[in-house]
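As provided, run_37.txt (compact mmCIF, C-alpha atoms) reads as follows.
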```txt
# COMPACT_ATOMS: atom_id res chain seq x y z
CA MET A 267 77.65 126.35 84.24
CA THR A 268 79.65 124.38 81.67
CA LYS A 269 79.99 120.76 82.75
CA ILE A 270 83.37 119.28 81.81
CA ALA A 271 84.75 115.73 81.75
CA ILE A 272 88.50 115.11 81.55
CA ILE A 273 89.73 111.77 80.21
CA HIS A 274 93.25 110.46 80.82
CA GLU A 275 94.49 107.01 79.84
CA TRP A 276 95.88 105.56 83.06
CA LEU A 277 97.38 106.60 86.37
CA ASP A 278 100.37 104.66 87.66
CA SER A 279 103.00 107.39 88.15
CA TYR A 280 103.42 111.15 88.18
CA ALA A 281 105.31 111.74 84.93
CA GLY A 282 105.14 113.94 81.82
CA SER A 283 101.53 113.43 80.73
CA GLU A 284 100.37 113.60 84.34
CA ARG A 285 101.91 117.07 84.62
CA VAL A 286 99.68 118.12 81.73
CA LEU A 287 96.71 116.49 83.45
CA GLU A 288 97.58 118.37 86.64
CA GLN A 289 97.26 121.70 84.83
CA MET A 290 93.99 120.61 83.22
CA LEU A 291 92.59 119.85 86.67
CA LEU A 292 93.79 123.22 87.97
CA ALA A 293 92.23 125.01 85.00
CA PHE A 294 88.89 123.24 85.53
CA PRO A 295 88.59 122.44 89.25
CA THR A 296 84.97 121.22 89.01
CA ALA A 297 85.60 118.79 86.12
CA ASP A 298 85.06 115.06 86.57
CA LEU A 299 88.02 112.78 85.82
CA PHE A 300 87.81 109.50 83.90
CA VAL A 301 90.74 107.07 83.54
CA LEU A 302 91.01 103.51 82.22
CA CYS A 303 92.68 102.41 85.44
CA ASP A 304 94.08 104.05 88.56
CA PHE A 305 97.02 102.44 90.34
CA LEU A 306 98.72 105.66 91.38
CA PRO A 307 100.67 105.33 94.65
CA GLU A 308 99.29 107.32 97.55
CA ALA A 309 102.49 109.40 97.77
CA GLU A 310 101.99 110.67 94.19
CA ARG A 311 98.27 111.52 94.31
CA HIS A 312 98.73 115.14 95.43
CA PHE A 313 98.05 116.60 91.99
CA LEU A 314 94.54 115.08 91.90
CA HIS A 315 93.52 117.40 94.76
CA GLY A 316 91.30 114.78 96.37
CA ARG A 317 89.53 113.68 93.21
CA THR A 318 88.52 110.03 92.90
CA PRO A 319 88.78 109.14 89.18
CA ARG A 320 86.09 107.06 87.53
CA THR A 321 87.69 103.93 86.09
CA SER A 322 86.85 101.40 83.37
CA PHE A 323 86.47 97.62 83.54
CA ILE A 324 90.24 97.29 83.04
CA GLN A 325 90.66 98.31 86.68
CA ARG A 326 89.10 94.99 87.74
CA LEU A 327 90.81 92.61 85.31
CA PRO A 328 93.24 89.95 86.64
CA LEU A 329 96.78 91.20 87.35
CA ALA A 330 95.82 94.68 86.07
CA LYS A 331 97.72 96.48 88.82
CA LYS A 332 101.08 95.29 87.51
CA ARG A 333 100.28 94.41 83.90
CA PHE A 334 97.49 96.68 82.73
CA ARG A 335 99.47 97.54 79.58
CA ASN A 336 99.02 93.92 78.52
CA TYR A 337 95.35 94.76 78.03
CA LEU A 338 96.16 97.28 75.30
CA GLN A 339 93.90 95.46 72.84
CA LEU A 340 90.92 96.07 75.18
CA MET A 341 91.61 99.76 75.80
CA PRO A 342 89.73 101.06 72.73
CA ILE A 343 86.62 99.22 73.93
CA ALA A 344 87.14 100.46 77.49
CA VAL A 345 87.35 104.16 76.58
CA GLU A 346 84.22 103.83 74.44
CA GLN A 347 82.25 102.58 77.46
CA PHE A 348 82.55 105.80 79.45
CA ASP A 349 79.09 107.35 79.82
CA LEU A 350 79.68 111.02 78.98
CA GLN A 351 76.06 112.09 78.59
CA GLY A 352 75.33 115.29 80.41
CA TYR A 353 78.75 116.86 79.82
CA ASP A 354 79.02 119.98 77.68
CA VAL A 355 82.75 119.56 76.99
CA VAL A 356 85.00 116.49 76.98
CA LEU A 357 88.72 117.22 77.28
CA SER A 358 90.99 114.24 76.64
CA SER A 359 94.71 113.85 77.35
CA SER A 360 95.79 111.23 74.84
CA HIS A 361 98.89 109.30 73.80
CA ALA A 362 96.99 106.08 73.09
CA VAL A 363 93.19 105.78 73.24
CA ALA A 364 91.67 108.66 75.26
CA LYS A 365 90.82 110.64 72.14
CA GLY A 366 88.52 107.75 71.09
CA ALA A 367 85.86 108.55 73.70
CA ILE A 368 82.38 108.76 72.21
CA THR A 369 80.44 112.02 72.42
CA GLY A 370 77.11 113.09 70.97
CA PRO A 371 75.63 116.08 69.16
CA GLY A 372 75.87 119.24 71.20
CA GLN A 373 79.00 118.07 73.03
CA ARG A 374 82.45 119.43 72.22
CA HIS A 375 85.41 117.06 72.40
CA ILE A 376 88.85 118.68 72.55
CA ALA A 377 91.72 116.20 72.42
CA TYR A 378 95.19 117.19 73.63
CA ILE A 379 97.53 114.85 71.75
CA HIS A 380 100.88 113.97 73.29
CA SER A 381 101.54 111.73 70.28
CA PRO A 382 99.74 109.30 68.00
CA MET A 383 100.46 105.73 69.17
CA ARG A 384 104.16 105.52 68.31
CA TYR A 385 104.33 101.73 68.48
CA ALA A 386 101.40 101.37 66.07
CA TRP A 387 102.68 103.80 63.45
CA ASP A 388 106.20 104.86 62.39
CA LEU A 389 108.01 103.28 65.36
CA GLN A 390 106.43 99.83 64.97
CA HIS A 391 109.60 98.14 63.70
CA GLN A 392 111.75 99.72 66.39
CA TYR A 393 109.25 98.55 69.03
CA LEU A 394 109.31 94.98 67.69
CA ARG A 395 113.12 94.92 67.63
CA GLN A 396 113.41 96.21 71.19
CA ALA A 397 110.81 93.66 72.36
CA GLY A 398 112.70 90.82 70.61
CA MET A 399 109.70 90.05 68.40
CA THR A 400 111.00 90.32 64.86
CA ARG A 401 109.89 86.78 63.94
CA GLY A 402 107.84 83.85 65.19
CA LEU A 403 104.22 83.44 66.29
CA ALA A 404 104.45 86.16 68.96
CA SER A 405 105.72 88.59 66.32
CA LEU A 406 102.92 87.63 63.93
CA TYR A 407 100.25 88.13 66.60
CA THR A 408 101.72 91.47 67.68
CA ARG A 409 101.85 92.72 64.07
CA TRP A 410 98.20 91.74 63.63
CA LEU A 411 97.29 93.50 66.88
CA LEU A 412 99.13 96.68 65.87
CA HIS A 413 97.39 96.56 62.48
CA ARG A 414 94.02 96.44 64.23
CA LEU A 415 95.07 99.28 66.53
CA ARG A 416 96.09 101.41 63.53
CA LEU A 417 92.67 100.95 61.95
CA TRP A 418 90.88 101.93 65.18
CA ASP A 419 93.33 104.76 65.87
CA GLN A 420 92.76 106.39 62.51
CA ALA A 421 88.99 105.92 62.63
CA SER A 422 88.71 107.31 66.18
CA ALA A 423 90.88 110.32 65.29
CA ALA A 424 87.81 111.71 63.50
CA ARG A 425 85.82 111.84 66.76
CA PRO A 426 87.26 114.93 68.50
CA ASP A 427 86.04 118.28 67.26
CA THR A 428 89.43 119.89 67.93
CA LEU A 429 92.94 118.42 68.08
CA LEU A 430 95.68 120.16 70.06
CA ALA A 431 99.27 118.99 69.53
CA ASN A 432 102.07 119.50 72.04
CA SER A 433 104.53 120.63 69.31
CA ARG A 434 104.82 121.26 65.59
CA TYR A 435 106.50 117.86 65.31
CA ILE A 436 103.45 116.11 66.79
CA ALA A 437 101.15 118.18 64.57
CA GLU A 438 103.11 116.82 61.60
CA ARG A 439 102.79 113.25 62.89
CA ILE A 440 99.03 113.79 63.34
CA GLN A 441 98.77 115.01 59.76
CA LYS A 442 100.73 112.00 58.49
CA ALA A 443 98.88 109.33 60.50
CA TRP A 444 95.35 110.76 60.71
CA ARG A 445 95.21 113.34 57.87
CA ARG A 446 93.92 115.99 60.28
CA GLU A 447 95.06 119.47 61.19
CA ALA A 448 96.05 120.19 64.79
CA ARG A 449 96.76 123.45 66.55
CA VAL A 450 99.89 123.58 68.71
CA LEU A 451 99.61 124.12 72.47
CA HIS A 452 102.96 123.48 74.10
CA PRO A 453 102.89 121.48 77.35
CA PRO A 454 103.30 123.28 80.69
CA VAL A 455 106.72 123.52 82.33
CA ASN A 456 107.38 124.42 85.96
CA LEU A 457 109.83 127.25 85.37
CA ALA A 458 110.11 128.12 89.07
CA GLY A 459 112.08 124.93 89.64
CA PHE A 460 114.97 126.24 87.51
CA PRO A 461 115.61 129.89 88.49
CA LEU A 462 117.64 132.17 86.23
CA CYS A 463 121.38 132.20 86.87
CA GLU A 464 123.60 134.59 84.88
CA GLN A 465 126.91 133.30 86.27
CA LYS A 466 128.05 130.40 84.09
CA GLN A 467 130.92 128.02 84.72
CA GLY A 468 133.03 126.16 82.19
CA HIS A 469 131.15 122.86 81.84
CA PHE A 470 128.70 121.63 79.22
CA LEU A 471 125.86 119.44 80.51
CA ILE A 472 123.75 116.57 79.27
CA ALA A 473 121.15 115.30 81.74
CA SER A 474 118.78 112.53 80.72
CA ARG A 475 117.66 108.98 81.29
CA GLN A 476 120.15 106.86 79.35
CA VAL A 477 117.99 105.01 76.83
CA PRO A 478 118.86 104.30 73.18
CA TYR A 479 116.87 107.05 71.45
CA LYS A 480 118.47 109.78 73.61
CA ARG A 481 121.78 109.17 71.75
CA ILE A 482 123.86 110.30 74.73
CA GLU A 483 126.84 108.30 73.50
CA LEU A 484 127.07 110.63 70.47
CA VAL A 485 127.51 113.64 72.72
CA VAL A 486 130.14 111.80 74.77
CA GLU A 487 132.00 110.74 71.60
CA ALA A 488 131.99 114.34 70.39
CA PHE A 489 133.47 115.67 73.63
CA ALA A 490 136.03 112.87 73.72
CA GLN A 491 137.38 114.54 70.54
CA MET A 492 137.48 117.94 72.31
CA PRO A 493 139.70 117.33 75.36
CA ASP A 494 139.77 121.03 76.24
CA GLN A 495 135.97 121.15 76.73
CA ARG A 496 134.49 119.75 79.96
CA LEU A 497 131.31 117.68 79.79
CA ILE A 498 129.21 116.50 82.75
CA VAL A 499 126.80 113.62 82.09
CA VAL A 500 123.89 113.15 84.53
CA GLY A 501 121.56 110.15 84.50
CA ASP A 502 121.52 106.40 84.20
CA GLY A 503 119.59 103.70 82.38
CA PRO A 504 119.94 100.77 79.98
CA SER A 505 122.38 102.61 77.68
CA ALA A 506 124.81 103.41 80.52
CA PRO A 507 127.40 100.79 79.39
CA LEU A 508 127.46 102.35 75.91
CA VAL A 509 127.91 105.82 77.39
CA THR A 510 130.66 104.62 79.73
CA ALA A 511 132.51 102.96 76.85
CA ALA A 512 132.35 106.17 74.81
CA ALA A 513 133.85 108.12 77.73
CA THR A 514 136.72 105.71 78.39
CA GLY A 515 140.04 107.55 78.59
CA ALA A 516 138.46 111.01 78.25
CA LYS A 517 139.55 112.99 81.31
CA ASN A 518 137.33 115.94 80.35
CA ILE A 519 134.13 113.88 80.75
CA GLU A 520 132.49 113.27 84.15
CA LEU A 521 129.79 110.60 84.49
CA ARG A 522 127.77 111.58 87.57
CA GLY A 523 124.92 109.03 87.33
CA ARG A 524 121.73 110.05 89.08
CA VAL A 525 122.03 113.12 91.29
CA PRO A 526 119.67 114.84 93.76
CA GLN A 527 117.30 117.38 92.23
CA GLY A 528 119.09 120.29 93.90
CA GLU A 529 122.39 119.30 92.33
CA LEU A 530 120.75 118.86 88.92
CA VAL A 531 119.32 122.37 89.15
CA ARG A 532 122.70 123.81 90.16
CA LEU A 533 124.51 122.02 87.32
CA THR A 534 121.88 123.25 84.84
CA GLN A 535 122.02 126.84 86.11
CA THR A 536 125.80 127.06 85.87
CA ALA A 537 126.34 125.11 82.63
CA ARG A 538 127.89 126.89 79.71
CA ALA A 539 125.31 125.09 77.52
CA PHE A 540 122.91 122.17 77.73
CA VAL A 541 123.47 119.57 74.98
CA PHE A 542 120.57 117.47 73.67
CA ALA A 543 120.86 114.88 70.89
CA ALA A 544 117.45 113.16 71.02
CA GLU A 545 114.50 113.54 68.68
CA GLU A 546 111.81 114.35 71.26
CA ASP A 547 108.11 115.03 70.89
CA PHE A 548 108.73 118.23 72.86
CA GLY A 549 111.59 118.26 75.39
CA ILE A 550 110.76 119.65 78.83
CA ALA A 551 114.40 119.37 79.98
CA MET A 552 115.38 121.85 77.26
CA VAL A 553 112.81 124.39 78.49
CA GLU A 554 114.04 123.94 82.07
CA ALA A 555 117.58 124.69 80.90
CA GLN A 556 116.38 127.83 79.13
CA ALA A 557 114.51 128.90 82.27
CA ALA A 558 117.84 128.67 84.14
CA GLY A 559 119.36 130.98 81.52
CA THR A 560 121.36 128.20 79.88
CA PRO A 561 121.77 128.07 76.08
CA LEU A 562 120.93 124.90 74.12
CA ILE A 563 122.88 122.88 71.60
CA ALA A 564 120.27 120.48 70.26
CA TYR A 565 119.36 118.13 67.43
CA GLY A 566 117.20 120.12 65.03
CA ARG A 567 114.26 117.75 64.80
CA GLY A 568 111.29 117.20 67.06
CA GLY A 569 110.34 119.67 69.75
CA ALA A 570 113.73 121.42 69.75
CA ARG A 571 112.57 123.38 66.68
CA ASP A 572 109.83 124.97 68.80
CA ILE A 573 112.13 125.76 71.72
CA VAL A 574 115.48 126.96 70.32
CA ILE A 575 115.72 130.41 68.75
CA GLU A 576 118.70 129.82 66.49
CA GLY A 577 121.65 132.08 67.30
CA GLU A 578 119.78 133.78 70.17
CA THR A 579 119.09 131.06 72.74
CA GLY A 580 121.03 128.18 71.21
CA PHE A 581 122.17 126.31 68.12
CA LEU A 582 120.69 123.33 66.26
CA PHE A 583 122.59 120.58 64.45
CA ALA A 584 121.19 118.71 61.46
CA GLU A 585 122.06 115.05 62.04
CA GLN A 586 122.54 112.63 64.92
CA SER A 587 126.28 112.07 64.71
CA ALA A 588 129.28 112.84 66.90
CA GLU A 589 130.72 115.02 64.15
CA ALA A 590 127.54 117.12 63.94
CA VAL A 591 127.52 117.57 67.74
CA ARG A 592 131.20 118.57 67.72
CA ALA A 593 130.66 121.10 64.92
CA ALA A 594 127.68 122.63 66.75
CA VAL A 595 129.67 122.96 69.99
CA GLN A 596 132.52 124.64 68.13
CA ARG A 597 130.06 126.99 66.44
CA PHE A 598 128.63 127.86 69.87
CA ILE A 599 132.12 128.52 71.29
CA ALA A 600 133.07 130.75 68.35
CA ALA A 601 129.85 132.80 68.47
CA PRO A 602 129.28 135.82 70.71
CA ALA A 603 128.04 134.79 74.15
CA LEU A 604 124.30 134.16 74.27
CA SER A 605 122.32 136.12 76.85
CA PRO A 606 121.08 134.11 79.87
CA ALA A 607 118.26 136.66 80.23
CA ALA A 608 117.18 136.02 76.61
CA CYS A 609 117.18 132.27 77.27
CA HIS A 610 115.04 132.75 80.36
CA ALA A 611 112.63 135.05 78.53
CA ASN A 612 112.25 132.44 75.81
CA ALA A 613 111.25 129.83 78.40
CA THR A 614 108.35 131.92 79.68
CA ARG A 615 106.38 130.99 76.55
CA PHE A 616 106.04 127.50 78.04
CA SER A 617 104.95 128.36 81.59
CA GLU A 618 102.16 126.56 83.43
CA GLU A 619 100.22 129.82 83.61
CA SER A 620 100.43 130.30 79.83
CA PHE A 621 99.23 126.73 79.25
CA ARG A 622 96.23 127.10 81.56
CA ALA A 623 95.22 130.44 80.06
CA ALA A 624 95.38 129.09 76.50
CA LEU A 625 93.50 125.92 77.45
CA ILE A 626 90.72 127.85 79.19
CA THR A 627 90.34 130.06 76.11
CA GLU A 628 90.15 126.96 73.91
CA VAL A 629 87.54 125.20 76.05
CA MET A 630 85.40 128.19 77.03
CA GLY A 631 85.87 130.31 73.94
```

Since I need it in another form, could you write the structure as structure tokens?
Amino acid sequence: MTKIAIIHEWLDSYAGSERVLEQMLLAFPTADLFVLCDFLPEAERHFLHGRTPRTSFIQRLPLAKKRFRNYLQLMPIAVEQFDLQGYDVVLSSSHAVAKGAITGPGQRHIAYIHSPMRYAWDLQHQYLRQAGMTRGLASLYTRWLLHRLRLWDQASAARPDTLLANSRYIAERIQKAWRREARVLHPPVNLAGFPLCEQKQGHFLIASRQVPYKRIELVVEAFAQMPDQRLIVVGDGPSAPLVTAAATGAKNIELRGRVPQGELVRLTQTARAFVFAAEEDFGIAMVEAQAAGTPLIAYGRGGARDIVIEGETGFLFAEQSAEAVRAAVQRFIAAPALSPAACHANATRFSEESFRAALITEVMG
């Protein structure tokens, strides 16, 4: 029997990469799980199905439970210390260092890449600005640290035998940063949580955590210029004041804040279209909207290119500006109605079952 080890960076919440890990564990129920540290709350451990992960020395470092990310500079060393002898296949789930695990001859290492380290590569300057470290000794140290991480990141990218990217966009980033080819395997989406609904109401919807890169204020500005089109905005976060300011005086825009999951599903099912202005690695919320039979109006970079079938399940716009959003909405309104059934059928490409089947073929093939 093939002996498999799965490596994940850390466990502290059940979020996007953990949903991928969950499907890996379901695909390979006898695999052993390795993580740098495990501080996952008991209420969120269901997807591990009773597994006790093997952890690294970072688990035992001072204040690690609350500040393990501060040990980023030690994580490359930590992942290299995992003893993987005796495993036929190593499957890593990596957005930082997991793909740097060391394997030997006769072992296959397949790395599923959520993204190369964004803060070490093309988003370094954005990261430094947001952290308030554009100058001074702290900035100098952080730049040196990120430089060292880049060197290790590129060197360790040669270790896996196969790289799987979660979208064409991430495959392009892998090629740029590591000069390696990656095959695309889209992440799994729970389609059952957003059942098909063919009866649409009059509202457009944007639902997202309100953080700067999501560019929600652009969508709000666009609809403020279209008073006859109703927009519902769901979510909160640091950019909420900017979003609120953009909606001031616009009676056609409703700011709902955070809503229960059931209400979010209902709003998504009945929306005329789901609007998305962010440049995402993939974009699970867009797939969920398609599963509900809801067309997309999305920024045409990042994962949206893999999800939207132009003119059939949605429309893409070329730049992040209120004017581009407004033009795309007007193009959507003027076009023949898009089929909810076609949108739902498109979403089935990204199902959990499809992901597991493709992953099993990759590992066992």

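Nearest to Arg615 (chain A) of all the residues A:Tyr353, A:His452, A:Lys480, A:Gly549 is A:His452, counting all atoms listed in the file.
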
So which one's closest to Met341 (chain A), A:Pro328, A:Gly366, A:Gly528, A:Gly316? Using all atoms listed in the file, please.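 Nearest candidate to Met341 (chain A) out of A:Pro328, A:Gly366, A:Gly528, A:Gly316: A:Gly366.
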
Please identify all polymer residues within 9 Å of Ala488 (chain A), counting only C-alpha atoms, omitting same-chain residues fewer than 5 positions from it, and present them as a PyMOL selection string. chain A and resi 483+587-593+595

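Of the listed residues A:Ala557, A:Ile272, A:Leu314, A:Ala603, the one whose atoms come nearest to Ala458 (chain A) is A:Ala557, with distances taken using only C-alpha atoms.
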
With distances taken over all atoms listed in the file, which residue among A:Ser433, A:Thr560, A:Thr534, A:Thr296 lies nearest Ala611 (chain A)?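 The answer is A:Thr560, which sits nearest to Ala611 (chain A).
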
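Of the residues listed (A:Leu338, A:Ile498, A:Val553, A:Ala623), A:Ile498 shows the shortest atom-to-atom separation from Ala537 (chain A); distances use all atoms listed in the file.
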
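Closest approach to Val355 (chain A) among A:Met383, A:Ile270, A:Leu403, A:Ala570 is made by A:Ile270 (distances from only C-alpha atoms).
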
Record the distance separating CA of Ile573 (chain A) and CA of Leu521 (chain A), expressed in Å with one decimal. 26.5 Å

Any idea what's packed within 12 Å of region 499-511 of chain A, counting all atoms listed in the file, ignoring anything in its chain fewer than 5 positions away? Could you give it as an mmCIF file with C-alpha atoms, keeping the file's coordinate frame?
```cif
data_model
loop_
_atom_site.group_PDB
_atom_site.id
_atom_site.type_symbol
_atom_site.label_atom_id
_atom_site.label_comp_id
_atom_site.auth_asym_id
_atom_site.auth_seq_id
_atom_site.Cartn_x
_atom_site.Cartn_y
_atom_site.Cartn_z
ATOM 1 C CA GLN A 396 113.410 96.210 71.190
ATOM 2 C CA HIS A 469 131.150 122.860 81.840
ATOM 3 C CA PHE A 470 128.700 121.630 79.220
ATOM 4 C CA LEU A 471 125.860 119.440 80.510
ATOM 5 C CA ILE A 472 123.750 116.570 79.270
ATOM 6 C CA ALA A 473 121.150 115.300 81.740
ATOM 7 C CA SER A 474 118.780 112.530 80.720
ATOM 8 C CA ARG A 475 117.660 108.980 81.290
ATOM 9 C CA GLN A 476 120.150 106.860 79.350
ATOM 10 C CA VAL A 477 117.990 105.010 76.830
ATOM 11 C CA PRO A 478 118.860 104.300 73.180
ATOM 12 C CA TYR A 479 116.870 107.050 71.450
ATOM 13 C CA LYS A 480 118.470 109.780 73.610
ATOM 14 C CA ARG A 481 121.780 109.170 71.750
ATOM 15 C CA ILE A 482 123.860 110.300 74.730
ATOM 16 C CA GLU A 483 126.840 108.300 73.500
ATOM 17 C CA LEU A 484 127.070 110.630 70.470
ATOM 18 C CA VAL A 485 127.510 113.640 72.720
ATOM 19 C CA VAL A 486 130.140 111.800 74.770
ATOM 20 C CA GLU A 487 132.000 110.740 71.600
ATOM 21 C CA ALA A 488 131.990 114.340 70.390
ATOM 22 C CA PHE A 489 133.470 115.670 73.630
ATOM 23 C CA ALA A 490 136.030 112.870 73.720
ATOM 24 C CA ALA A 516 138.460 111.010 78.250
ATOM 25 C CA ASN A 518 137.330 115.940 80.350
ATOM 26 C CA ILE A 519 134.130 113.880 80.750
ATOM 27 C CA GLU A 520 132.490 113.270 84.150
ATOM 28 C CA LEU A 521 129.790 110.600 84.490
ATOM 29 C CA ARG A 522 127.770 111.580 87.570
ATOM 30 C CA GLY A 523 124.920 109.030 87.330
ATOM 31 C CA ARG A 524 121.730 110.050 89.080
ATOM 32 C CA VAL A 525 122.030 113.120 91.290
ATOM 33 C CA PRO A 526 119.670 114.840 93.760
ATOM 34 C CA GLN A 527 117.300 117.380 92.230
ATOM 35 C CA GLU A 529 122.390 119.300 92.330
ATOM 36 C CA LEU A 530 120.750 118.860 88.920
ATOM 37 C CA VAL A 531 119.320 122.370 89.150
ATOM 38 C CA LEU A 533 124.510 122.020 87.320
ATOM 39 C CA THR A 534 121.880 123.250 84.840
ATOM 40 C CA ALA A 537 126.340 125.110 82.630
ATOM 41 C CA PHE A 540 122.910 122.170 77.730
ATOM 42 C CA VAL A 541 123.470 119.570 74.980
ATOM 43 C CA PHE A 542 120.570 117.470 73.670
#
```

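For the pair CA of Arg567 (chain A) and CA of His380 (chain A), the interatomic distance is 16.3 Å.
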
Which residues come within 7 Å of Arg374 (chain A), counting only C-alpha atoms, excluding same-chain residues fewer than 4 positions away, as a ChimeraX atom specification? /A:354-356,427

Block slice region 343-350 of chain A, all heavy atoms, emitted as a PDB file, in the first residue's frame:
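selection36.pdb was written with the following content:
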```
ATOM      1  N   ILE A 343      13.506  26.282   8.226  1.00  0.00           N
ATOM      2  CA  ILE A 343      14.272  25.273   8.961  1.00  0.00           C
ATOM      3  C   ILE A 343      13.324  24.221   9.529  1.00  0.00           C
ATOM      4  O   ILE A 343      13.595  23.022   9.475  1.00  0.00           O
ATOM      5  CB  ILE A 343      15.075  25.940  10.101  1.00  0.00           C
ATOM      6  CG1 ILE A 343      16.044  26.982   9.531  1.00  0.00           C
ATOM      7  CG2 ILE A 343      15.830  24.892  10.924  1.00  0.00           C
ATOM      8  CD1 ILE A 343      16.725  27.820  10.583  1.00  0.00           C
ATOM      9  N   ALA A 344      12.193  24.686  10.065  1.00  0.00           N
ATOM     10  CA  ALA A 344      11.252  23.771  10.706  1.00  0.00           C
ATOM     11  C   ALA A 344      10.713  22.732   9.728  1.00  0.00           C
ATOM     12  O   ALA A 344      10.637  21.538  10.048  1.00  0.00           O
ATOM     13  CB  ALA A 344      10.106  24.565  11.335  1.00  0.00           C
ATOM     14  N   VAL A 345      10.319  23.159   8.524  1.00  0.00           N
ATOM     15  CA  VAL A 345       9.731  22.205   7.577  1.00  0.00           C
ATOM     16  C   VAL A 345      10.779  21.216   7.079  1.00  0.00           C
ATOM     17  O   VAL A 345      10.457  20.073   6.730  1.00  0.00           O
ATOM     18  CB  VAL A 345       9.042  22.948   6.411  1.00  0.00           C
ATOM     19  CG1 VAL A 345      10.052  23.440   5.370  1.00  0.00           C
ATOM     20  CG2 VAL A 345       7.981  22.077   5.748  1.00  0.00           C
ATOM     21  N   GLU A 346      12.044  21.639   7.068  1.00  0.00           N
ATOM     22  CA  GLU A 346      13.113  20.744   6.631  1.00  0.00           C
ATOM     23  C   GLU A 346      13.450  19.675   7.670  1.00  0.00           C
ATOM     24  O   GLU A 346      14.152  18.707   7.356  1.00  0.00           O
ATOM     25  CB  GLU A 346      14.367  21.565   6.306  1.00  0.00           C
ATOM     26  CG  GLU A 346      14.215  22.427   5.071  1.00  0.00           C
ATOM     27  CD  GLU A 346      15.398  23.342   4.826  1.00  0.00           C
ATOM     28  OE1 GLU A 346      16.223  23.519   5.760  1.00  0.00           O
ATOM     29  OE2 GLU A 346      15.504  23.885   3.708  1.00  0.00           O
ATOM     30  N   GLN A 347      12.961  19.857   8.906  1.00  0.00           N
ATOM     31  CA  GLN A 347      13.267  18.889   9.965  1.00  0.00           C
ATOM     32  C   GLN A 347      12.284  17.723  10.022  1.00  0.00           C
ATOM     33  O   GLN A 347      12.502  16.766  10.768  1.00  0.00           O
ATOM     34  CB  GLN A 347      13.293  19.603  11.328  1.00  0.00           C
ATOM     35  CG  GLN A 347      14.292  20.735  11.432  1.00  0.00           C
ATOM     36  CD  GLN A 347      15.667  20.354  10.921  1.00  0.00           C
ATOM     37  OE1 GLN A 347      16.260  19.383  11.374  1.00  0.00           O
ATOM     38  NE2 GLN A 347      16.175  21.113   9.950  1.00  0.00           N
ATOM     39  N   PHE A 348      11.203  17.787   9.273  1.00  0.00           N
ATOM     40  CA  PHE A 348      10.272  16.660   9.279  1.00  0.00           C
ATOM     41  C   PHE A 348      10.958  15.415   8.711  1.00  0.00           C
ATOM     42  O   PHE A 348      11.553  15.455   7.632  1.00  0.00           O
ATOM     43  CB  PHE A 348       9.031  16.978   8.445  1.00  0.00           C
ATOM     44  CG  PHE A 348       8.077  17.934   9.091  1.00  0.00           C
ATOM     45  CD1 PHE A 348       7.468  18.938   8.346  1.00  0.00           C
ATOM     46  CD2 PHE A 348       7.761  17.836  10.437  1.00  0.00           C
ATOM     47  CE1 PHE A 348       6.578  19.823   8.936  1.00  0.00           C
ATOM     48  CE2 PHE A 348       6.872  18.709  11.037  1.00  0.00           C
ATOM     49  CZ  PHE A 348       6.283  19.700  10.289  1.00  0.00           C
ATOM     50  N   ASP A 349      10.868  14.315   9.450  1.00  0.00           N
ATOM     51  CA  ASP A 349      11.447  13.048   9.013  1.00  0.00           C
ATOM     52  C   ASP A 349      10.415  12.317   8.150  1.00  0.00           C
ATOM     53  O   ASP A 349       9.441  11.758   8.652  1.00  0.00           O
ATOM     54  CB  ASP A 349      11.826  12.202  10.224  1.00  0.00           C
ATOM     55  CG  ASP A 349      12.491  10.885   9.823  1.00  0.00           C
ATOM     56  OD1 ASP A 349      12.653  10.634   8.605  1.00  0.00           O
ATOM     57  OD2 ASP A 349      12.833  10.106  10.730  1.00  0.00           O
ATOM     58  N   LEU A 350      10.624  12.340   6.847  1.00  0.00           N
ATOM     59  CA  LEU A 350       9.661  11.776   5.898  1.00  0.00           C
ATOM     60  C   LEU A 350      10.137  10.455   5.303  1.00  0.00           C
ATOM     61  O   LEU A 350       9.573   9.980   4.318  1.00  0.00           O
ATOM     62  CB  LEU A 350       9.385  12.798   4.787  1.00  0.00           C
ATOM     63  CG  LEU A 350       8.825  14.141   5.280  1.00  0.00           C
ATOM     64  CD1 LEU A 350       8.770  15.144   4.139  1.00  0.00           C
ATOM     65  CD2 LEU A 350       7.456  13.962   5.909  1.00  0.00           C
TER      66      LEU A 350
END
```
